[in-house]
Amino acid sequence: DSGVTQTPKHLITATGQRVTLRCSPRSGDLSVYWYQQSLDQGLQFLIQYYNGEERAKGNILERFSAQQFPDLHSELNLSSLELGDSALYFCASTGLSHYGYTFGSGTRLTVV
Amino acid sequence: DQQVKQNSPSLSVQEGRISILNCDYTNSMFDYFLWYKKYPAEGPTFLISISSIKDKNEDGRFTVFLNKSAKHLSLHIVPSQPGDSAVYFCAASGNTNAGKSTFGDGTTLTVKP
């Protein structure tokens with residue numbers, strides 16, 4: 001157990017639908033990052049939150065949005081889903097010192 | 001524009017020998033480099049890192065070398081063990097990008113007994 005919790009582990013949904021992925025960071029970590037990994041490719045940065053505020057944005061689609069709540073958990077919302085959104089979505093957290101991310105085990109999203 | 005590249009999708013080595021995984025980057029603003037290991041059905045786990053002020057960092061069987069002039073880094077695993085079989089991701093970050101890391105596509109290492 002890395003300390004970063006992602007739910008659900010698997011999600012199957014139809015095109016056009018909306019889903020919410022949840023992430024609880026490691027205790028004490030203020031930064032949360034979301035990454036997308038499609039079909040054996042690298043991890044593509046989506047968005048970062050630090051203590052409730054958006055800090056950096058990557059190539060995140062307009063159909064996707066995220067937020068970090070006062071208890072520091074974060075949610076990634078994906079709407080108007082397309083087949084190409086099928087991927088592994090990872091959440092990671094870090095503390096004040098950059099010793100590398102702690103990743104969750106990911107949510108595998110399948111859009112059918 | 002892929003700023004971090006791992007040109008070898010896969011690598012196979014014999015147990016006990018050295019594994020060398022390579023990574024190239026293009027952004028000269030990167031000043032911190034990391035390696036992660038990923039097993040199937042798990043998230044990546046942090047392995048080792050190096051700051052741009054150093055050219056080598058060692059942790060047990062794992063050593064990372066950085067050549068800033070060539071914008072190249074490598075991960076050496078000596079001796080390789082079957083349990084090292086995994087996907088290895090190279091990542092880079094800089095002070096100007098809020099701590100986010102840019103990842104390569106990964107190299108699948110297979111260590112044969």
# chains A, B, ... in the order shown; residues from 1 in each chain; ligands from 1

call {"tool": "closest_atom_pairs", "arguments": {"of": "region 1-111 of chain A", "to": "region 18-42 of chain B", "cutoff": "9 Å", "atoms": "only C-alpha atoms", "output": "CSV"}}
result
residue,atom,partner,partner_atom,distance
A:Tyr99,CA,B:Leu34,CA,8.9
A:Gly100,CA,B:Leu34,CA,7.1
A:Phe103,CA,B:Glu42,CA,8.8
A:Gly104,CA,B:Glu42,CA,7.7
A:Ser105,CA,B:Glu42,CA,4.7
A:Gly106,CA,B:Glu42,CA,7.2

call {"tool": "write_last_selection", "arguments": {"atoms": "all heavy atoms", "output": "CSV table (one decimal), in the first residue's frame"}}
result
chain,number,residue,atom,x,y,z
A,99,TYR,N,10.9,14.2,-3.4
A,99,TYR,CA,11.6,12.9,-3.4
A,99,TYR,C,11.0,12.0,-4.4
A,99,TYR,O,11.1,10.8,-4.3
A,99,TYR,CB,11.6,12.3,-2.0
A,99,TYR,CG,12.5,13.0,-1.0
A,99,TYR,CD1,11.9,13.7,0.0
A,99,TYR,CD2,13.8,13.0,-1.2
A,99,TYR,CE1,12.7,14.4,0.9
A,99,TYR,CE2,14.6,13.7,-0.3
A,99,TYR,CZ,14.1,14.4,0.8
A,99,TYR,OH,14.9,15.0,1.7
A,100,GLY,N,10.2,12.5,-5.3
A,100,GLY,CA,9.5,11.7,-6.3
A,100,GLY,C,8.1,11.5,-5.8
A,100,GLY,O,7.7,11.7,-4.7
A,103,PHE,N,2.6,7.1,-6.2
A,103,PHE,CA,1.5,6.9,-7.0
A,103,PHE,C,0.5,6.0,-6.4
A,103,PHE,O,0.8,5.1,-5.6
A,103,PHE,CB,1.9,6.2,-8.3
A,103,PHE,CG,2.5,7.1,-9.4
A,103,PHE,CD1,3.8,7.4,-9.4
A,103,PHE,CD2,1.7,7.7,-10.4
A,103,PHE,CE1,4.4,8.3,-10.4
A,103,PHE,CE2,2.2,8.5,-11.3
A,103,PHE,CZ,3.6,8.8,-11.3
A,104,GLY,N,-0.8,6.2,-6.8
A,104,GLY,CA,-1.8,5.2,-6.5
A,104,GLY,C,-1.7,4.1,-7.5
A,104,GLY,O,-0.9,4.1,-8.4
A,105,SER,N,-2.6,3.1,-7.3
A,105,SER,CA,-2.5,1.9,-8.2
A,105,SER,C,-3.3,2.2,-9.5
A,105,SER,O,-3.3,1.3,-10.4
A,105,SER,CB,-3.1,0.7,-7.5
A,105,SER,OG,-4.4,0.9,-7.0
A,106,GLY,N,-4.0,3.3,-9.6
A,106,GLY,CA,-4.6,3.7,-10.9
A,106,GLY,C,-6.1,3.2,-11.0
A,106,GLY,O,-6.6,2.4,-10.3

call {"tool": "closest_atom_pairs", "arguments": {"of": "chain A", "to": "chain B", "cutoff": "12 Å", "atoms": "only C-alpha atoms", "output": "tab-separated table"}}
result
residue	atom	partner	partner_atom	distance
A:Asp1	CA	B:Glu42	CA	10.0
A:Ser2	CA	B:Thr45	CA	8.5
A:Gly3	CA	B:Gly43	CA	11.5
A:Val4	CA	B:Gly43	CA	9.8
A:Thr5	CA	B:Gly43	CA	10.7
A:Gln6	CA	B:Gly43	CA	10.3
A:Lys9	CA	B:Ala41	CA	9.8
A:His10	CA	B:Ala41	CA	11.0
A:Ser31	CA	B:Gly99	CA	9.3
A:Val32	CA	B:Lys100	CA	9.8
A:Tyr33	CA	B:Lys100	CA	7.6
A:Trp34	CA	B:Lys100	CA	9.9
A:Tyr35	CA	B:Phe103	CA	9.9
A:Gln36	CA	B:Phe103	CA	11.0
A:Gln37	CA	B:Asp105	CA	9.4
A:Ser38	CA	B:Asp105	CA	10.3
A:Leu39	CA	B:Asp105	CA	10.5
A:Asp40	CA	B:Asp105	CA	7.7
A:Gln41	CA	B:Asp105	CA	5.2
A:Gly42	CA	B:Asp105	CA	3.6
A:Leu43	CA	B:Phe103	CA	5.8
A:Gln44	CA	B:Phe103	CA	7.2
A:Phe45	CA	B:Thr102	CA	7.1
A:Leu46	CA	B:Lys100	CA	9.9
A:Ile47	CA	B:Lys100	CA	8.8
A:Gln48	CA	B:Lys100	CA	7.4
A:Tyr49	CA	B:Ala98	CA	9.8
A:Tyr50	CA	B:Ala98	CA	9.4
A:Glu54	CA	B:Ala98	CA	10.3
A:Arg55	CA	B:Ala98	CA	6.6
A:Ala56	CA	B:Ala98	CA	6.4
A:Lys57	CA	B:Lys100	CA	9.3
A:Gly58	CA	B:Lys100	CA	9.3
A:Asn59	CA	B:Thr102	CA	11.8
A:Leu88	CA	B:Gly43	CA	9.7
A:Tyr89	CA	B:Gly43	CA	9.7
A:Phe90	CA	B:Gly43	CA	7.2
A:Cys91	CA	B:Gly43	CA	8.8
A:Ala92	CA	B:Gly43	CA	9.0
A:Ser93	CA	B:Lys100	CA	10.5
A:Thr94	CA	B:Gly99	CA	9.3
A:Gly95	CA	B:Gly99	CA	10.7
A:Leu96	CA	B:Gly99	CA	10.2
A:Ser97	CA	B:Gly99	CA	10.0
A:His98	CA	B:Gly99	CA	7.7
A:Tyr99	CA	B:Ser49	CA	7.7
A:Gly100	CA	B:Phe46	CA	5.9
A:Tyr101	CA	B:Phe46	CA	6.6
A:Thr102	CA	B:Thr45	CA	6.7
A:Phe103	CA	B:Gly43	CA	5.5
A:Gly104	CA	B:Gly43	CA	5.5
A:Ser105	CA	B:Gly43	CA	4.2
A:Gly106	CA	B:Gly43	CA	6.1
A:Thr107	CA	B:Gly43	CA	9.8
A:Arg108	CA	B:Ala41	CA	9.4

call {"tool": "write_last_selection", "arguments": {"atoms": "C-alpha atoms", "output": "PDB file, in the first residue's frame"}}
result
ATOM      1  CA  ASP A   1       0.000   0.000   0.000  1.00  0.00           C
ATOM      2  CA  SER A   2       1.624   3.230  -1.221  1.00  0.00           C
ATOM      3  CA  GLY A   3      -0.596   5.456   0.893  1.00  0.00           C
ATOM      4  CA  VAL A   4      -2.294   6.973  -2.155  1.00  0.00           C
ATOM      5  CA  THR A   5      -5.788   5.554  -2.622  1.00  0.00           C
ATOM      6  CA  GLN A   6      -7.600   5.609  -5.922  1.00  0.00           C
ATOM      7  CA  LYS A   9      -9.968   0.407  -9.596  1.00  0.00           C
ATOM      8  CA  HIS A  10     -11.947  -0.439 -12.712  1.00  0.00           C
ATOM      9  CA  SER A  31       0.208  18.210  -3.945  1.00  0.00           C
ATOM     10  CA  VAL A  32      -1.886  15.933  -6.112  1.00  0.00           C
ATOM     11  CA  TYR A  33      -1.084  15.151  -9.733  1.00  0.00           C
ATOM     12  CA  TRP A  34      -3.223  13.372 -12.314  1.00  0.00           C
ATOM     13  CA  TYR A  35      -1.668  11.414 -15.182  1.00  0.00           C
ATOM     14  CA  GLN A  36      -3.171   9.450 -18.063  1.00  0.00           C
ATOM     15  CA  GLN A  37      -1.523   6.359 -19.519  1.00  0.00           C
ATOM     16  CA  SER A  38      -2.952   5.091 -22.785  1.00  0.00           C
ATOM     17  CA  LEU A  39      -2.103   1.656 -24.222  1.00  0.00           C
ATOM     18  CA  ASP A  40       1.471   1.013 -23.067  1.00  0.00           C
ATOM     19  CA  GLN A  41       2.443   4.616 -23.618  1.00  0.00           C
ATOM     20  CA  GLY A  42       4.068   7.020 -21.237  1.00  0.00           C
ATOM     21  CA  LEU A  43       2.360   8.947 -18.518  1.00  0.00           C
ATOM     22  CA  GLN A  44       0.783  12.132 -19.807  1.00  0.00           C
ATOM     23  CA  PHE A  45       0.420  14.913 -17.270  1.00  0.00           C
ATOM     24  CA  LEU A  46      -3.112  16.222 -16.918  1.00  0.00           C
ATOM     25  CA  ILE A  47      -3.280  18.580 -13.956  1.00  0.00           C
ATOM     26  CA  GLN A  48      -1.768  19.403 -10.550  1.00  0.00           C
ATOM     27  CA  TYR A  49      -3.350  20.773  -7.400  1.00  0.00           C
ATOM     28  CA  TYR A  50      -1.555  22.132  -4.380  1.00  0.00           C
ATOM     29  CA  GLU A  54      -4.769  24.458  -9.362  1.00  0.00           C
ATOM     30  CA  ARG A  55      -1.013  24.739  -9.819  1.00  0.00           C
ATOM     31  CA  ALA A  56      -0.227  23.432 -13.293  1.00  0.00           C
ATOM     32  CA  LYS A  57      -2.146  22.198 -16.266  1.00  0.00           C
ATOM     33  CA  GLY A  58      -1.031  19.823 -18.990  1.00  0.00           C
ATOM     34  CA  ASN A  59      -2.776  18.630 -22.122  1.00  0.00           C
ATOM     35  CA  LEU A  88      -5.228   4.083 -16.980  1.00  0.00           C
ATOM     36  CA  TYR A  89      -5.579   7.187 -14.859  1.00  0.00           C
ATOM     37  CA  PHE A  90      -3.030   7.617 -12.112  1.00  0.00           C
ATOM     38  CA  CYS A  91      -3.040   9.950  -9.198  1.00  0.00           C
ATOM     39  CA  ALA A  92       0.191  10.821  -7.397  1.00  0.00           C
ATOM     40  CA  SER A  93       1.048  12.959  -4.413  1.00  0.00           C
ATOM     41  CA  THR A  94       4.129  14.665  -3.037  1.00  0.00           C
ATOM     42  CA  GLY A  95       5.034  16.558   0.090  1.00  0.00           C
ATOM     43  CA  LEU A  96       7.060  19.718   0.444  1.00  0.00           C
ATOM     44  CA  SER A  97      10.331  18.030  -0.519  1.00  0.00           C
ATOM     45  CA  HIS A  98      10.575  16.530  -3.955  1.00  0.00           C
ATOM     46  CA  TYR A  99      11.585  12.934  -3.401  1.00  0.00           C
ATOM     47  CA  GLY A 100       9.510  11.661  -6.250  1.00  0.00           C
ATOM     48  CA  TYR A 101       5.856  10.978  -6.537  1.00  0.00           C
ATOM     49  CA  THR A 102       3.928   8.404  -4.603  1.00  0.00           C
ATOM     50  CA  PHE A 103       1.481   6.884  -7.048  1.00  0.00           C
ATOM     51  CA  GLY A 104      -1.804   5.198  -6.474  1.00  0.00           C
ATOM     52  CA  SER A 105      -2.549   1.922  -8.225  1.00  0.00           C
ATOM     53  CA  GLY A 106      -4.630   3.669 -10.859  1.00  0.00           C
ATOM     54  CA  THR A 107      -8.151   3.534 -12.242  1.00  0.00           C
ATOM     55  CA  ARG A 108      -8.597   1.586 -15.442  1.00  0.00           C
TER      56      ARG A 108
END

call {"tool": "residues_around", "arguments": {"residues": "Pro82 (chain B)", "least_positions_apart": "5", "cutoff": "7 Å", "atoms": "only C-alpha atoms", "output": "list in words"}}
result
Glu15, Val111, Lys112 and Pro113 of chain B

call {"tool": "write_last_selection", "arguments": {"atoms": "all heavy atoms", "output": "PDB file, in the first residue's frame"}}
result
ATOM      1  N   GLU B  15      20.313 -12.826 -15.740  1.00  0.00           N
ATOM      2  CA  GLU B  15      20.469 -12.613 -14.303  1.00  0.00           C
ATOM      3  C   GLU B  15      21.956 -12.497 -13.941  1.00  0.00           C
ATOM      4  O   GLU B  15      22.797 -13.255 -14.443  1.00  0.00           O
ATOM      5  CB  GLU B  15      19.851 -13.791 -13.537  1.00  0.00           C
ATOM      6  CG  GLU B  15      19.933 -13.673 -12.033  1.00  0.00           C
ATOM      7  CD  GLU B  15      19.286 -14.843 -11.313  1.00  0.00           C
ATOM      8  OE1 GLU B  15      18.842 -15.814 -11.986  1.00  0.00           O
ATOM      9  OE2 GLU B  15      19.217 -14.799 -10.079  1.00  0.00           O
ATOM     10  N   VAL B 111      14.608  -9.697 -17.016  1.00  0.00           N
ATOM     11  CA  VAL B 111      15.826 -10.327 -16.518  1.00  0.00           C
ATOM     12  C   VAL B 111      15.593 -11.836 -16.506  1.00  0.00           C
ATOM     13  O   VAL B 111      14.732 -12.336 -15.774  1.00  0.00           O
ATOM     14  CB  VAL B 111      16.192  -9.824 -15.114  1.00  0.00           C
ATOM     15  CG1 VAL B 111      17.473 -10.503 -14.633  1.00  0.00           C
ATOM     16  CG2 VAL B 111      16.362  -8.305 -15.116  1.00  0.00           C
ATOM     17  N   LYS B 112      16.363 -12.545 -17.306  1.00  0.00           N
ATOM     18  CA  LYS B 112      16.179 -13.988 -17.446  1.00  0.00           C
ATOM     19  C   LYS B 112      17.022 -14.743 -16.438  1.00  0.00           C
ATOM     20  O   LYS B 112      18.203 -14.438 -16.276  1.00  0.00           O
ATOM     21  CB  LYS B 112      16.551 -14.411 -18.862  1.00  0.00           C
ATOM     22  CG  LYS B 112      15.680 -13.775 -19.931  1.00  0.00           C
ATOM     23  CD  LYS B 112      16.117 -14.222 -21.312  1.00  0.00           C
ATOM     24  CE  LYS B 112      15.217 -13.621 -22.376  1.00  0.00           C
ATOM     25  NZ  LYS B 112      15.660 -14.015 -23.744  1.00  0.00           N
ATOM     26  N   PRO B 113      16.407 -15.742 -15.784  1.00  0.00           N
ATOM     27  CA  PRO B 113      17.164 -16.531 -14.782  1.00  0.00           C
ATOM     28  C   PRO B 113      18.273 -17.353 -15.438  1.00  0.00           C
ATOM     29  O   PRO B 113      18.171 -17.703 -16.617  1.00  0.00           O
ATOM     30  CB  PRO B 113      16.100 -17.454 -14.178  1.00  0.00           C
ATOM     31  CG  PRO B 113      14.793 -16.885 -14.578  1.00  0.00           C
ATOM     32  CD  PRO B 113      15.012 -16.130 -15.861  1.00  0.00           C
TER      33      PRO B 113
END

call {"tool": "closest_atom_pairs", "arguments": {"of": "region 36-76 of chain A", "to": "region 14-19 of chain A", "cutoff": "12 Å", "atoms": "only C-alpha atoms", "output": "JSON lines"}}
result
{"residue": "A:Arg63", "atom": "CA", "partner": "A:Arg18", "partner_atom": "CA", "distance": 9.4}
{"residue": "A:Phe64", "atom": "CA", "partner": "A:Arg18", "partner_atom": "CA", "distance": 9.6}
{"residue": "A:Ser65", "atom": "CA", "partner": "A:Val19", "partner_atom": "CA", "distance": 10.8}
{"residue": "A:Ala66", "atom": "CA", "partner": "A:Val19", "partner_atom": "CA", "distance": 11.6}
{"residue": "A:Glu75", "atom": "CA", "partner": "A:Val19", "partner_atom": "CA", "distance": 10.0}
{"residue": "A:Leu76", "atom": "CA", "partner": "A:Val19", "partner_atom": "CA", "distance": 8.3}

call {"tool": "write_last_selection", "arguments": {"atoms": "C-alpha atoms", "output": "PDB file, in the first residue's frame"}}
result
ATOM      1  CA  ARG A  63     -14.222  17.698 -21.279  1.00  0.00           C
ATOM      2  CA  PHE A  64     -12.061  16.861 -18.265  1.00  0.00           C
ATOM      3  CA  SER A  65     -11.962  18.800 -15.027  1.00  0.00           C
ATOM      4  CA  ALA A  66     -10.575  18.279 -11.555  1.00  0.00           C
ATOM      5  CA  GLU A  75     -11.543  14.168  -8.030  1.00  0.00           C
ATOM      6  CA  LEU A  76     -11.063  13.969 -11.778  1.00  0.00           C
TER       7      LEU A  76
END
